[in-house]
Structure formats: structure tokens, C-alpha cells
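Visitor: Hey, dropping data_28.txt in here, compact mmCIF, C-alpha atoms:
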```txt
# COMPACT_ATOMS: atom_id res chain seq x y z
CA MET G 299 0.00 0.00 0.00
CA ASN G 300 2.87 2.36 -0.81
CA HIS G 301 0.48 4.63 -2.77
CA LEU G 302 -0.49 6.26 0.54
CA SER G 303 1.95 8.58 2.34
CA ASN G 304 3.39 7.69 5.75
CA GLU G 305 1.52 10.59 7.31
CA MET G 306 -1.76 9.35 5.87
CA GLN G 307 -1.08 5.77 6.98
CA ALA G 308 -0.48 7.08 10.50
CA CYS G 309 -3.75 9.03 10.42
CA ILE G 310 -5.66 5.94 9.21
CA ASP G 311 -4.06 4.04 12.14
CA GLU G 312 -5.32 6.63 14.63
CA CYS G 313 -8.81 6.79 13.08
CA LEU G 314 -9.26 3.01 13.17
CA ALA G 315 -7.82 2.80 16.70
CA CYS G 316 -10.25 5.47 17.89
CA TYR G 317 -13.16 3.77 16.07
CA ARG G 318 -12.33 0.49 17.83
CA THR G 319 -11.99 2.06 21.25
CA CYS G 320 -15.13 4.22 21.07
CA LEU G 321 -17.39 1.51 19.64
CA SER G 322 -16.10 -1.18 21.97
CA MET G 323 -16.21 1.02 25.08
CA ALA G 324 -19.74 2.24 24.30
CA MET G 325 -21.21 -1.19 23.57
CA ASN G 326 -19.43 -3.04 26.38
CA HIS G 327 -18.16 -0.77 29.18
CA CYS G 328 -20.88 1.94 28.97
CA LEU G 329 -23.84 -0.43 28.62
CA GLU G 330 -22.57 -2.46 31.59
CA ALA G 331 -21.75 0.56 33.76
CA GLY G 332 -25.10 2.30 33.10
CA GLY G 333 -25.95 5.64 34.77
CA PRO G 334 -24.22 8.61 33.12
CA HIS G 335 -22.53 6.20 30.67
CA VAL G 336 -25.87 5.61 28.89
CA GLU G 337 -27.16 9.18 29.01
CA LYS G 338 -28.31 10.08 25.52
CA ALA G 339 -25.91 13.01 25.02
CA HIS G 340 -22.84 10.98 26.02
CA PHE G 341 -23.75 7.76 24.28
CA THR G 342 -24.75 9.40 20.99
CA LEU G 343 -21.52 11.42 20.99
CA MET G 344 -19.54 8.20 21.30
CA ALA G 345 -21.57 6.69 18.43
CA GLU G 346 -20.91 9.79 16.30
CA CYS G 347 -17.20 9.57 17.11
CA ALA G 348 -16.95 5.88 16.17
CA GLU G 349 -18.80 6.52 12.89
CA ILE G 350 -16.81 9.57 11.77
CA CYS G 351 -13.50 7.83 12.60
CA ARG G 352 -14.60 4.86 10.48
CA THR G 353 -15.62 7.18 7.65
CA SER G 354 -12.52 9.33 7.87
CA ALA G 355 -10.27 6.25 7.53
CA HIS G 356 -12.42 5.12 4.57
CA PHE G 357 -11.93 8.43 2.76
CA MET G 358 -8.15 8.27 3.15
CA LEU G 359 -8.12 4.69 1.86
CA ILE G 360 -10.23 5.63 -1.18
CA GLY G 361 -7.54 8.10 -2.17
CA GLY G 362 -9.92 10.74 -3.51
CA ALA G 363 -9.95 14.51 -3.22
CA HIS G 364 -12.13 15.12 -0.13
CA HIS G 365 -10.38 13.41 2.81
CA LYS G 366 -9.38 16.77 4.33
CA ARG G 367 -13.06 17.61 4.77
CA THR G 368 -13.87 14.39 6.61
CA CYS G 369 -10.66 14.66 8.68
CA ALA G 370 -11.72 18.16 9.78
CA VAL G 371 -15.11 16.92 11.00
CA CYS G 372 -13.42 13.92 12.62
CA ALA G 373 -11.00 16.12 14.53
CA GLU G 374 -13.84 18.29 15.83
CA ILE G 375 -15.96 15.35 17.01
CA CYS G 376 -12.96 13.57 18.59
CA ASP G 377 -12.15 16.73 20.57
CA ALA G 378 -15.77 16.87 21.81
CA CYS G 379 -15.78 13.15 22.64
CA ALA G 380 -12.48 13.35 24.57
CA ALA G 381 -13.86 16.21 26.68
CA ASP G 382 -17.15 14.41 27.37
CA CYS G 383 -15.42 11.13 28.26
CA GLU G 384 -13.25 13.05 30.73
CA ARG G 385 -16.38 14.62 32.26
CA VAL G 386 -18.14 11.26 32.66
CA GLY G 387 -14.99 9.62 34.06
CA ASP G 388 -13.62 6.07 34.00
CA MET G 389 -13.14 6.39 30.21
CA GLN G 390 -9.38 6.99 30.02
CA ASP G 391 -8.79 4.71 27.00
CA CYS G 392 -11.35 6.73 25.03
CA VAL G 393 -9.94 10.08 26.11
CA GLU G 394 -6.49 9.09 24.91
CA ALA G 395 -7.60 7.51 21.61
CA CYS G 396 -9.79 10.54 20.80
CA ARG G 397 -6.97 13.00 21.58
CA ARG G 398 -4.44 11.18 19.42
CA CYS G 399 -6.93 10.87 16.57
CA ALA G 400 -7.97 14.52 16.81
CA GLU G 401 -4.34 15.66 16.69
CA SER G 402 -3.60 13.51 13.64
CA CYS G 403 -6.79 14.60 11.82
CA HIS G 404 -6.20 18.29 12.57
CA ARG G 405 -2.77 17.97 10.90
CA MET G 406 -4.20 16.04 7.92
CA ALA G 407 -6.99 18.61 7.43
CA ALA G 408 -4.62 21.59 7.47
CA MET F 132 -39.71 7.05 14.32
CA ASN F 133 -41.58 10.27 15.22
CA HIS F 134 -38.54 11.49 17.22
CA LEU F 135 -37.07 12.76 13.94
CA SER F 136 -38.54 15.83 12.21
CA ASN F 137 -40.21 15.58 8.80
CA GLU F 138 -37.41 17.68 7.30
CA MET F 139 -34.78 15.33 8.69
CA GLN F 140 -36.67 12.24 7.51
CA ALA F 141 -36.77 13.76 4.01
CA CYS F 142 -33.01 14.42 4.11
CA ILE F 143 -32.33 10.84 5.25
CA ASP F 144 -34.48 9.69 2.30
CA GLU F 145 -32.37 11.72 -0.14
CA CYS F 146 -29.05 10.60 1.37
CA LEU F 147 -29.96 6.92 1.21
CA ALA F 148 -31.38 7.30 -2.32
CA CYS F 149 -28.14 8.98 -3.47
CA TYR F 150 -26.03 6.32 -1.68
CA ARG F 151 -27.96 3.58 -3.52
CA THR F 152 -27.71 5.25 -6.90
CA CYS F 153 -24.00 6.15 -6.69
CA LEU F 154 -22.85 2.80 -5.33
CA SER F 155 -25.00 0.78 -7.71
CA MET F 156 -24.10 2.87 -10.77
CA ALA F 157 -20.37 2.75 -9.99
CA MET F 158 -20.21 -0.98 -9.33
CA ASN F 159 -22.52 -2.04 -12.17
CA HIS F 160 -22.87 0.62 -14.91
CA CYS F 161 -19.39 2.18 -14.65
CA LEU F 162 -17.45 -1.09 -14.37
CA GLU F 163 -19.35 -2.47 -17.36
CA ALA F 164 -19.04 0.70 -19.48
CA GLY F 165 -15.31 1.12 -18.78
CA GLY F 166 -13.32 3.97 -20.38
CA PRO F 167 -13.90 7.34 -18.66
CA HIS F 168 -16.33 5.62 -16.26
CA VAL F 169 -13.44 3.86 -14.50
CA GLU F 170 -10.96 6.73 -14.55
CA LYS F 171 -9.58 7.10 -11.05
CA ALA F 172 -10.81 10.67 -10.46
CA HIS F 173 -14.40 9.88 -11.51
CA PHE F 174 -14.68 6.50 -9.84
CA THR F 175 -13.18 7.61 -6.51
CA LEU F 176 -15.49 10.64 -6.46
CA MET F 177 -18.48 8.32 -6.84
CA ALA F 178 -17.12 6.15 -4.01
CA GLU F 179 -16.66 9.22 -1.82
CA CYS F 180 -20.21 10.33 -2.63
CA ALA F 181 -21.74 6.95 -1.76
CA GLU F 182 -19.80 6.84 1.54
CA ILE F 183 -20.59 10.38 2.72
CA CYS F 184 -24.30 9.92 1.88
CA ARG F 185 -24.32 6.71 3.91
CA THR F 186 -22.56 8.45 6.80
CA SER F 187 -24.72 11.55 6.63
CA ALA F 188 -27.90 9.46 6.92
CA HIS F 189 -26.30 7.58 9.85
CA PHE F 190 -25.60 10.81 11.73
CA MET F 191 -29.21 11.99 11.36
CA LEU F 192 -30.50 8.62 12.56
CA ILE F 193 -28.20 8.69 15.61
CA GLY F 194 -29.86 11.93 16.68
CA GLY F 195 -26.68 13.53 18.06
CA ALA F 196 -25.33 17.06 17.84
CA HIS F 197 -23.07 16.93 14.77
CA HIS F 198 -25.29 16.02 11.80
CA LYS F 199 -25.05 19.54 10.35
CA ARG F 200 -21.31 19.06 9.93
CA THR F 201 -21.66 15.80 8.01
CA CYS F 202 -24.56 17.22 5.95
CA ALA F 203 -22.34 20.16 4.93
CA VAL F 204 -19.60 17.83 3.67
CA CYS F 205 -22.22 15.65 1.99
CA ALA F 206 -23.71 18.62 0.13
CA GLU F 207 -20.27 19.66 -1.11
CA ILE F 208 -19.33 16.19 -2.37
CA CYS F 209 -22.76 15.63 -3.99
CA ASP F 210 -22.39 18.90 -5.88
CA ALA F 211 -18.97 17.79 -7.14
CA CYS F 212 -20.25 14.32 -8.07
CA ALA F 213 -23.26 15.72 -9.97
CA ALA F 214 -20.95 17.94 -12.01
CA ASP F 215 -18.51 15.14 -12.75
CA CYS F 216 -21.27 12.68 -13.72
CA GLU F 217 -22.61 15.29 -16.12
CA ARG F 218 -19.12 15.71 -17.62
CA VAL F 219 -18.67 11.94 -18.11
CA GLY F 220 -22.18 11.54 -19.53
CA ASP F 221 -24.72 8.71 -19.54
CA MET F 222 -25.06 9.09 -15.77
CA GLN F 223 -28.37 10.96 -15.55
CA ASP F 224 -29.74 8.96 -12.57
CA CYS F 225 -26.64 9.91 -10.58
CA VAL F 226 -26.78 13.56 -11.57
CA GLU F 227 -30.38 13.82 -10.37
CA ALA F 228 -29.90 11.88 -7.13
CA CYS F 229 -26.79 13.94 -6.26
CA ARG F 230 -28.55 17.24 -6.96
CA ARG F 231 -31.58 16.37 -4.83
CA CYS F 232 -29.36 15.17 -2.00
CA ALA F 233 -27.11 18.23 -2.18
CA GLU F 234 -30.10 20.55 -2.00
CA SER F 235 -31.56 18.74 1.00
CA CYS F 236 -28.20 18.59 2.82
CA HIS F 237 -27.44 22.26 2.17
CA ARG F 238 -30.78 23.12 3.85
CA MET F 239 -30.13 20.76 6.77
CA ALA F 240 -26.61 22.16 7.29
CA ALA F 241 -27.77 25.80 7.34
CA MET L 184 -30.70 1.36 -11.64
CA ASN L 185 -32.42 -1.16 -13.92
CA HIS L 186 -29.43 -3.53 -13.58
CA LEU L 187 -30.94 -4.79 -10.32
CA SER L 188 -34.05 -7.02 -10.36
CA ASN L 189 -37.34 -5.84 -8.85
CA GLU L 190 -37.07 -8.50 -6.16
CA MET L 191 -33.61 -7.28 -5.21
CA GLN L 192 -34.72 -3.63 -5.19
CA ALA L 193 -37.54 -4.62 -2.82
CA CYS L 194 -35.10 -6.43 -0.52
CA ILE L 195 -32.76 -3.42 -0.48
CA ASP L 196 -35.82 -1.30 0.45
CA GLU L 197 -36.60 -3.57 3.41
CA CYS L 198 -32.97 -3.74 4.58
CA LEU L 199 -32.54 0.03 4.56
CA ALA L 200 -35.95 0.54 6.22
CA CYS L 201 -34.99 -1.90 8.98
CA TYR L 202 -31.55 -0.29 9.36
CA ARG L 203 -33.22 3.12 9.80
CA THR L 204 -35.78 1.88 12.30
CA CYS L 205 -33.37 -0.16 14.44
CA LEU L 206 -30.63 2.46 14.60
CA SER L 207 -33.04 5.33 15.21
CA MET L 208 -35.09 3.45 17.82
CA ALA L 209 -31.97 2.30 19.68
CA MET L 210 -30.26 5.70 19.77
CA ASN L 211 -33.36 7.74 20.51
CA HIS L 212 -36.24 5.70 21.99
CA CYS L 213 -34.16 3.10 23.89
CA LEU L 214 -31.62 5.54 25.35
CA GLU L 215 -34.46 7.80 26.52
CA ALA L 216 -36.62 4.98 27.90
CA GLY L 217 -33.73 3.31 29.78
CA GLY L 218 -34.32 0.19 31.95
CA PRO L 219 -34.65 -3.00 29.85
CA HIS L 220 -34.20 -0.91 26.68
CA VAL L 221 -30.51 -0.37 27.49
CA GLU L 222 -29.74 -3.83 28.79
CA LYS L 223 -26.60 -5.05 27.03
CA ALA L 224 -28.19 -8.10 25.36
CA HIS L 225 -31.10 -6.11 23.88
CA PHE L 226 -29.14 -3.04 22.87
CA THR L 227 -26.28 -4.95 21.23
CA LEU L 228 -28.79 -7.08 19.30
CA MET L 229 -30.35 -3.91 17.91
CA ALA L 230 -26.89 -2.64 16.95
CA GLU L 231 -26.10 -5.94 15.24
CA CYS L 232 -29.41 -5.78 13.38
CA ALA L 233 -28.84 -2.22 12.15
CA GLU L 234 -25.31 -3.12 10.99
CA ILE L 235 -26.20 -6.34 9.15
CA CYS L 236 -29.16 -4.66 7.40
CA ARG L 237 -26.82 -1.87 6.26
CA THR L 238 -24.28 -4.41 5.05
CA SER L 239 -26.84 -6.64 3.38
CA ALA L 240 -28.18 -3.71 1.34
CA HIS L 241 -24.58 -2.80 0.44
CA PHE L 242 -23.88 -6.29 -0.90
CA MET L 243 -26.97 -6.23 -3.14
CA LEU L 244 -26.01 -2.79 -4.46
CA ILE L 245 -22.45 -3.94 -5.25
CA GLY L 246 -23.91 -6.61 -7.52
CA GLY L 247 -21.34 -9.28 -6.66
CA ALA L 248 -21.66 -13.01 -6.05
CA HIS L 249 -22.08 -13.22 -2.25
CA HIS L 250 -25.26 -11.30 -1.39
CA LYS L 251 -27.14 -14.52 -0.59
CA ARG L 252 -24.70 -15.18 2.24
CA THR L 253 -25.19 -11.77 3.83
CA CYS L 254 -28.97 -11.95 3.29
CA ALA L 255 -29.04 -15.28 5.15
CA VAL L 256 -27.23 -13.79 8.18
CA CYS L 257 -29.47 -10.71 7.98
CA ALA L 258 -32.63 -12.81 8.04
CA GLU L 259 -31.41 -14.73 11.08
CA ILE L 260 -30.50 -11.61 13.06
CA CYS L 261 -33.73 -9.80 12.09
CA ASP L 262 -35.75 -12.77 13.34
CA ALA L 263 -33.87 -12.66 16.66
CA CYS L 264 -34.27 -8.86 16.93
CA ALA L 265 -38.02 -9.00 16.22
CA ALA L 266 -38.47 -11.58 18.98
CA ASP L 267 -36.39 -9.61 21.47
CA CYS L 268 -38.15 -6.31 20.69
CA GLU L 269 -41.48 -8.06 21.29
CA ARG L 270 -40.20 -9.37 24.63
CA VAL L 271 -39.01 -5.90 25.77
CA GLY L 272 -42.23 -4.27 24.57
CA ASP L 273 -43.09 -0.78 23.28
CA MET L 274 -40.97 -1.47 20.17
CA GLN L 275 -43.68 -2.25 17.61
CA ASP L 276 -42.06 -0.28 14.76
CA CYS L 277 -38.92 -2.40 15.17
CA VAL L 278 -40.82 -5.68 15.38
CA GLU L 279 -42.58 -4.94 12.09
CA ALA L 280 -39.52 -3.66 10.22
CA CYS L 281 -37.45 -6.67 11.36
CA ARG L 282 -40.17 -9.14 10.32
CA ARG L 283 -40.59 -7.64 6.87
CA CYS L 284 -36.81 -7.53 6.33
CA ALA L 285 -36.35 -11.12 7.58
CA GLU L 286 -39.04 -12.38 5.21
CA SER L 287 -37.50 -10.58 2.23
CA CYS L 288 -33.94 -11.72 3.08
CA HIS L 289 -35.02 -15.34 3.62
CA ARG L 290 -36.47 -15.30 0.09
CA MET L 291 -33.36 -13.65 -1.37
CA ALA L 292 -31.05 -16.13 0.36
CA ALA L 293 -32.95 -19.17 -0.88
CA MET M 135 -10.56 -2.71 25.91
CA ASN M 136 -9.83 -5.74 28.10
CA HIS M 137 -13.48 -6.89 27.74
CA LEU M 138 -12.51 -8.53 24.43
CA SER M 139 -10.37 -11.71 24.41
CA ASN M 140 -6.87 -11.73 22.92
CA GLU M 141 -8.05 -14.06 20.18
CA MET M 142 -10.86 -11.69 19.25
CA GLN M 143 -8.53 -8.66 19.31
CA ALA M 144 -6.23 -10.53 16.91
CA CYS M 145 -9.14 -11.31 14.59
CA ILE M 146 -10.28 -7.66 14.62
CA ASP M 147 -6.67 -6.73 13.72
CA GLU M 148 -6.72 -9.07 10.72
CA CYS M 149 -10.17 -7.93 9.55
CA LEU M 150 -9.24 -4.26 9.67
CA ALA M 151 -5.87 -4.93 8.00
CA CYS M 152 -7.61 -6.82 5.18
CA TYR M 153 -10.26 -4.10 4.86
CA ARG M 154 -7.51 -1.48 4.49
CA THR M 155 -5.53 -3.49 1.97
CA CYS M 156 -8.49 -4.51 -0.23
CA LEU M 157 -10.13 -1.07 -0.31
CA SER M 158 -6.87 0.77 -0.86
CA MET M 159 -5.60 -1.64 -3.54
CA ALA M 160 -8.91 -1.57 -5.42
CA MET M 161 -9.32 2.19 -5.41
CA ASN M 162 -5.69 3.04 -6.12
CA HIS M 163 -3.72 0.15 -7.65
CA CYS M 164 -6.56 -1.52 -9.60
CA LEU M 165 -8.08 1.70 -10.99
CA GLU M 166 -4.62 2.83 -12.11
CA ALA M 167 -3.59 -0.53 -13.58
CA GLY M 168 -6.87 -1.04 -15.48
CA GLY M 169 -7.41 -4.12 -17.69
CA PRO M 170 -8.24 -7.26 -15.68
CA HIS M 171 -7.93 -5.22 -12.47
CA VAL M 172 -11.19 -3.40 -13.24
CA GLU M 173 -13.14 -6.35 -14.62
CA LYS M 174 -16.50 -6.44 -12.87
CA ALA M 175 -16.08 -9.88 -11.28
CA HIS M 176 -12.67 -9.06 -9.78
CA PHE M 177 -13.44 -5.52 -8.68
CA THR M 178 -16.78 -6.35 -7.08
CA LEU M 179 -15.21 -9.26 -5.21
CA MET M 180 -12.62 -6.88 -3.76
CA ALA M 181 -15.42 -4.50 -2.76
CA GLU M 182 -17.34 -7.36 -1.11
CA CYS M 183 -14.18 -8.41 0.73
CA ALA M 184 -13.48 -4.90 2.04
CA GLU M 185 -17.10 -4.53 3.20
CA ILE M 186 -17.41 -7.90 4.97
CA CYS M 187 -14.05 -7.39 6.74
CA ARG M 188 -15.26 -3.98 7.94
CA THR M 189 -18.56 -5.51 9.11
CA SER M 190 -16.94 -8.53 10.72
CA ALA M 191 -14.66 -6.30 12.82
CA HIS M 192 -17.71 -4.20 13.75
CA PHE M 193 -19.60 -7.26 15.02
CA MET M 194 -16.70 -8.34 17.24
CA LEU M 195 -16.40 -4.81 18.65
CA ILE M 196 -20.14 -4.65 19.42
CA GLY M 197 -19.72 -7.71 21.63
CA GLY M 198 -23.07 -9.30 20.74
CA ALA M 199 -24.07 -12.88 20.03
CA HIS M 200 -23.73 -13.14 16.23
CA HIS M 201 -20.07 -12.43 15.39
CA LYS M 202 -19.44 -16.09 14.51
CA ARG M 203 -21.94 -15.78 11.68
CA THR M 204 -20.28 -12.72 10.15
CA CYS M 205 -16.81 -14.24 10.68
CA ALA M 206 -17.92 -17.34 8.75
CA VAL M 207 -19.07 -15.25 5.76
CA CYS M 208 -15.90 -13.15 6.02
CA ALA M 209 -13.67 -16.24 5.91
CA GLU M 210 -15.48 -17.52 2.83
CA ILE M 211 -15.23 -14.23 0.92
CA CYS M 212 -11.57 -13.69 1.93
CA ASP M 213 -10.71 -17.17 0.59
CA ALA M 214 -12.41 -16.31 -2.72
CA CYS M 215 -10.70 -12.90 -2.90
CA ALA M 216 -7.24 -14.36 -2.20
CA ALA M 217 -7.70 -16.88 -5.03
CA ASP M 218 -8.95 -14.24 -7.46
CA CYS M 219 -6.16 -11.79 -6.61
CA GLU M 220 -3.65 -14.58 -7.25
CA ARG M 221 -5.29 -15.28 -10.64
CA VAL M 222 -5.18 -11.59 -11.68
CA GLY M 223 -1.61 -11.22 -10.46
CA ASP M 224 0.43 -8.30 -9.09
CA MET M 225 -1.82 -8.29 -6.00
CA GLN M 226 0.43 -10.01 -3.47
CA ASP M 227 -0.42 -7.66 -0.55
CA CYS M 228 -4.09 -8.54 -1.01
CA VAL M 229 -3.47 -12.25 -1.30
CA GLU M 230 -1.57 -12.26 1.99
CA ALA M 231 -3.99 -10.03 3.89
CA CYS M 232 -6.98 -12.10 2.70
CA ARG M 233 -5.32 -15.39 3.67
CA ARG M 234 -4.41 -14.21 7.16
CA CYS M 235 -7.90 -12.80 7.70
CA ALA M 236 -9.60 -15.94 6.39
CA GLU M 237 -7.54 -18.14 8.71
CA SER M 238 -8.35 -15.98 11.73
CA CYS M 239 -12.07 -15.77 10.88
CA HIS M 240 -12.34 -19.53 10.25
CA ARG M 241 -10.97 -20.09 13.78
CA MET M 242 -13.30 -17.48 15.29
CA ALA M 243 -16.35 -18.96 13.52
CA ALA M 244 -15.63 -22.52 14.67
```
Turn the structure described in the file into C-alpha cells.
Guide:
Amino acid sequence: MNHLSNEMQACIDECLACYRTCLSMAMNHCLEAGGPHVEKAHFTLMAECAEICRTSAHFMLIGGAHHKRTCAVCAEICDACAADCERVGDMQDCVEACRRCAESCHRMAA
Amino acid sequence: MNHLSNEMQACIDECLACYRTCLSMAMNHCLEAGGPHVEKAHFTLMAECAEICRTSAHFMLIGGAHHKRTCAVCAEICDACAADCERVGDMQDCVEACRRCAESCHRMAA
Amino acid sequence: MNHLSNEMQACIDECLACYRTCLSMAMNHCLEAGGPHVEKAHFTLMAECAEICRTSAHFMLIGGAHHKRTCAVCAEICDACAADCERVGDMQDCVEACRRCAESCHRMAA
Amino acid sequence: MNHLSNEMQACIDECLACYRTCLSMAMNHCLEAGGPHVEKAHFTLMAECAEICRTSAHFMLIGGAHHKRTCAVCAEICDACAADCERVGDMQDCVEACRRCAESCHRMAA
């Protein structure tokens, strides 16, 4: 897959890592913990984050002209998800995956 | 599904209709027609369009806070795809589905 | 999109309708209702149902050789989701969408 | 994400690696190479493989009851894609990613 730059490969790595962490934490940890973990605002934000990370990786893999636009939205949602996971607490894996993904997507979108 | 507004339901309709048309046309009509239909720039744009329409519908169904952001990107890519399908020719179903979806997403993103 | 048969178009309709209903009900109705609606077994089954319906439609749109295999899995999961939504109660839209999609996918997979 | 077993984490790794390789090779290498690389049967099989790998990983991340069913379909399609990529030639990355994913999914589905 040498048709994609190293920087883009690294951003795809972060997007898929964040997708895995957010989806898995939401559907396993959050559903089991209950309480604030399944409040609509928090849970839907995690679902949005998993979906945009999945989509953002997809756009970079396609190799078309619009991946900067999806990376920009991804960075914004990851920033929001990291902040909300910190507020809810006991979500450190998510906070870290979202922050790394946001940083990588901000750079890619620039 | 009365928790979603009529306007949002209509936009989900357009996004899923455009997703169906773009994906189906690319993988059936374009691959069979060959020539300009499988040029990288055209084919990847159709793949981007199918994916962002799918994602944009997903965000509206989730009912979270960020669907305007994905609708804005969707509108932009649908506009580009409509123009490129018109340039390539013999893609009238795609042109129309992309235009209707772009119009609906522009309104939703406003 | 006349390269797809009427029967397949109808099955894509049912898959996307079931995807919309399951995802939207889970993320809006279930998260707001709480209690049994957010129990892990019920909620993850709805997420599985939404995802396989989305995928099953995608396979039919691609026009490849393996859509019968995804339709068979889709029918099985829709049957399970319909039964579980009936058990939990107050999920009639989901029960009906899952039953119609299961019936259509069983036929397509045959 | 310690709620998922090591074996399942390894299978998610292989599914996402195969998804990346198949999607990226199809949309970049195959579209640029043309000829047999964009024949409908080959290209749609690669698209099916990318989609089922993406879905199979999603099912394992959800943590529900049906991931063995999607892993079984994934293994079957990856086997077919590996064989077809070998036939077309100059697709060694795909052949290897498909074989590793098929092996892992066969084990998971057992």
C-alpha cells in the first residue's frame, strides 16, 4: 500500500484505533456501567465519534480529493468526545484515543 | 420514528437514495461501461459520494449534535459528483440523485 | 438502476428501512426509555441488526456473487431482533420492520 | 478494551488490516492498472471483501451474540478474494492479507 503517504497511513491508524476504542467502550463498558454512561448526550456522541473515525479512515483509503473535509469533522468530534469522556470519568482509553486521533486529523486537514 | 422531524426524515431519504444510486451505478454501470467511467478521479469521487451519503444518513439517525457538519460535507461532495457525472455523460440517474441530496443537505446544514 | 431485479430492489428497500428503524429506535427511543431498553443483550442485538441490514443492502447494491450469504445472516438476526423487541415491549415499529426484512432476506437467500 | 479476548482482538486486527488493503488496492492500484484489475467480477469481489471485513470487525467490537456468523461469511469471501487476486496477479499484498484474515475468521467462527 505504498500509494499512501506515511503521514496518511499514520492518520488511518489513529482513526481506526479510535473507532475500535469508542465503539467497543460504548457497547461493552458503557452499557454495563449504566448511569451517566448511557445518558443520551454521552452515548450518541460516542456513536458519532466511532462513525466519523470509520468514515474518515475510509476516505483516506479511497484516495480521492475530499479526505481533508472528513478529517476536519473527525478532529472536531474527537475533541468533543475526549472532553465528554473526561467529564463522565472512567473512560481513560477513550480520552487518549480521541486526543491522538484529533491531533492527527487536525494535521491532515490543514 | 416520530422522534425525527419531517425535514430530517426527508433528508435521510435523499441521502440513502443517493447512496444507492451512486454505489450501484459505480459498481454495475461504470465497471461495465469502462473507459472514462473507470478513470480514477471519476470512480473515486463516486465512491466518496456513496460513503458520505451513507454516513450523513447515519448521523441523522443517531440523533446527536453533529449532523449539520456531516450534511455540509455531503452537500459539497454531492455537488462535485453531480458535475462530474454530467461531464462523463450517460449518468443521468446519478446527476439527479446527487442534486436532490445536495439541495436537501445544504438546507439541513444551514 | 435497472441492472438490479425488482425482487432485489424490494429487498434493499426492506434492509434500509430496517436499518433506519433499528438504529433510530436504539439511539433515541431506547436511550431515553432506559431500563430494559438499554440492557446489554437487547441493545447490542439492535446494533447488530442495524449493521447487518446496512451491510446486506450494500452487498446487493455492489452486484457481486455473495449477497445470498449476507442476506441469510441478515434474516437470522432480524428474526432474533423481532423476537427480542417483542419481549421488551413498546418497540412495535422495530418488530414490524425486522419481520418484513427477515421475510424478504429469507427469500433472497434461498 | 480488556473486555474482548486476545483471540478476538487478533481477529479484529486481521479484519481491519484486510479491509484497508483490499479497499486501498482496489481504489488506487486496480483503478490505475486497469485491464483485468477493473473487470467487474474481480473488482466487485474486492469490494465485497473490504465490506465484509469492515462488518466482521464491527460485530466483534459490538460484543453481541452473532459475530461467529459474520466471521464465517468473512472467511469464505476472503478465501475467494485471495484466489482471485492470485489469478489476476500483481496483487500479493491482497493475497496475503486475505489469507491471514480468512484463517483468523475460520478459527473465530468454529
Visitor: Which residue, F:Ile143, F:Ile193, F:Ala148, F:Ala164, has the smallest gap to chain L when you use only C-alpha atoms?
Guide: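 Closest residue, counting only C-alpha atoms: F:Ile193.
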Visitor: Using only C-alpha atoms, which residues sit within 7 Å of stretch 152-161 of chain M once same-chain residues fewer than 4 positions away are excluded, as a count of residues only?
Guide: 18
Visitor: Set out as CSV a contact list for chain L and chain M with a cut-off of 8 Å, giving each residue of chain L that qualifies its closest atom pair and distance in Å to one decimal, counting only C-alpha atoms, ordered by chain and rising residue number.
Guide:
```
residue,atom,partner,partner_atom,distance
L:Ala224,CA,M:Gly198,CA,7.0
L:Thr227,CA,M:Gly198,CA,5.4
L:Leu228,CA,M:Gly198,CA,6.3
L:Ala230,CA,M:Ile196,CA,7.5
L:Glu231,CA,M:Phe193,CA,6.6
L:Glu234,CA,M:Thr189,CA,7.4
L:Ile235,CA,M:Thr189,CA,7.7
L:Thr238,CA,M:Thr189,CA,7.1
L:Phe242,CA,M:Glu182,CA,6.6
L:Ile245,CA,M:Thr178,CA,6.4
L:Gly246,CA,M:Thr178,CA,7.1
L:Gly247,CA,M:Thr178,CA,5.4
L:Ala248,CA,M:Leu179,CA,7.5
L:His249,CA,M:Ile211,CA,7.6
L:Arg252,CA,M:Val207,CA,6.6
L:Thr253,CA,M:Val207,CA,7.3
L:Val256,CA,M:Arg203,CA,6.6
L:Ile260,CA,M:His200,CA,7.6
```
Visitor: If I take atom CA of F:His168 and atom CA of L:Leu187, how far is one from the other in Å, to one decimal?
Guide: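 Straight-line distance from atom CA of F:His168 to atom CA of L:Leu187 works out to 18.9 Å.
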Visitor: State, in Å with one decimal place, the distance from atom CA of F:Glu163 to atom CA of F:Gln223.
Guide: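 Those two atoms sit 16.3 Å apart.
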Visitor: So the first atom is atom CA of G:Ala308 and the second is atom CA of G:Cys376; what is the distance between them in Å, to one decimal place?
Guide: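 Computing it gives 16.2 Å between the two atoms.
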Visitor: Starting from the incomplete input, reconstruct all heavy atoms of stretch 235-239 of chain M and report them as a PDB file, in the coordinates of the input.
Guide:
```pdb
ATOM      1  N   CYS M 235      -6.572 -13.110   7.154  1.00  0.00           N
ATOM      2  CA  CYS M 235      -7.900 -12.800   7.700  1.00  0.00           C
ATOM      3  C   CYS M 235      -8.806 -14.026   7.636  1.00  0.00           C
ATOM      4  O   CYS M 235      -9.556 -14.304   8.586  1.00  0.00           O
ATOM      5  CB  CYS M 235      -8.504 -11.628   6.932  1.00  0.00           C
ATOM      6  SG  CYS M 235     -10.056 -11.044   7.636  1.00  0.00           S
ATOM      7  N   ALA M 236      -8.772 -14.738   6.530  1.00  0.00           N
ATOM      8  CA  ALA M 236      -9.600 -15.940   6.390  1.00  0.00           C
ATOM      9  C   ALA M 236      -9.264 -16.958   7.478  1.00  0.00           C
ATOM     10  O   ALA M 236     -10.158 -17.514   8.118  1.00  0.00           O
ATOM     11  CB  ALA M 236      -9.391 -16.558   4.999  1.00  0.00           C
ATOM     12  N   GLU M 237      -7.967 -17.163   7.697  1.00  0.00           N
ATOM     13  CA  GLU M 237      -7.540 -18.140   8.710  1.00  0.00           C
ATOM     14  C   GLU M 237      -8.055 -17.744  10.091  1.00  0.00           C
ATOM     15  O   GLU M 237      -8.599 -18.574  10.850  1.00  0.00           O
ATOM     16  CB  GLU M 237      -5.997 -18.212   8.715  1.00  0.00           C
ATOM     17  CG  GLU M 237      -5.439 -19.352   9.545  1.00  0.00           C
ATOM     18  CD  GLU M 237      -3.900 -19.314   9.602  1.00  0.00           C
ATOM     19  OE1 GLU M 237      -3.294 -18.398   8.987  1.00  0.00           O
ATOM     20  OE2 GLU M 237      -3.321 -20.184  10.269  1.00  0.00           O
ATOM     21  N   SER M 238      -7.915 -16.468  10.425  1.00  0.00           N
ATOM     22  CA  SER M 238      -8.350 -15.980  11.730  1.00  0.00           C
ATOM     23  C   SER M 238      -9.876 -16.073  11.882  1.00  0.00           C
ATOM     24  O   SER M 238     -10.384 -16.464  12.936  1.00  0.00           O
ATOM     25  CB  SER M 238      -7.866 -14.540  11.906  1.00  0.00           C
ATOM     26  OG  SER M 238      -8.157 -14.057  13.187  1.00  0.00           O
ATOM     27  N   CYS M 239     -10.597 -15.741  10.830  1.00  0.00           N
ATOM     28  CA  CYS M 239     -12.070 -15.770  10.880  1.00  0.00           C
ATOM     29  C   CYS M 239     -12.603 -17.211  10.903  1.00  0.00           C
ATOM     30  O   CYS M 239     -13.612 -17.484  11.558  1.00  0.00           O
ATOM     31  CB  CYS M 239     -12.670 -15.006   9.702  1.00  0.00           C
ATOM     32  SG  CYS M 239     -12.729 -13.212   9.965  1.00  0.00           S
TER      33      CYS M 239
END
```
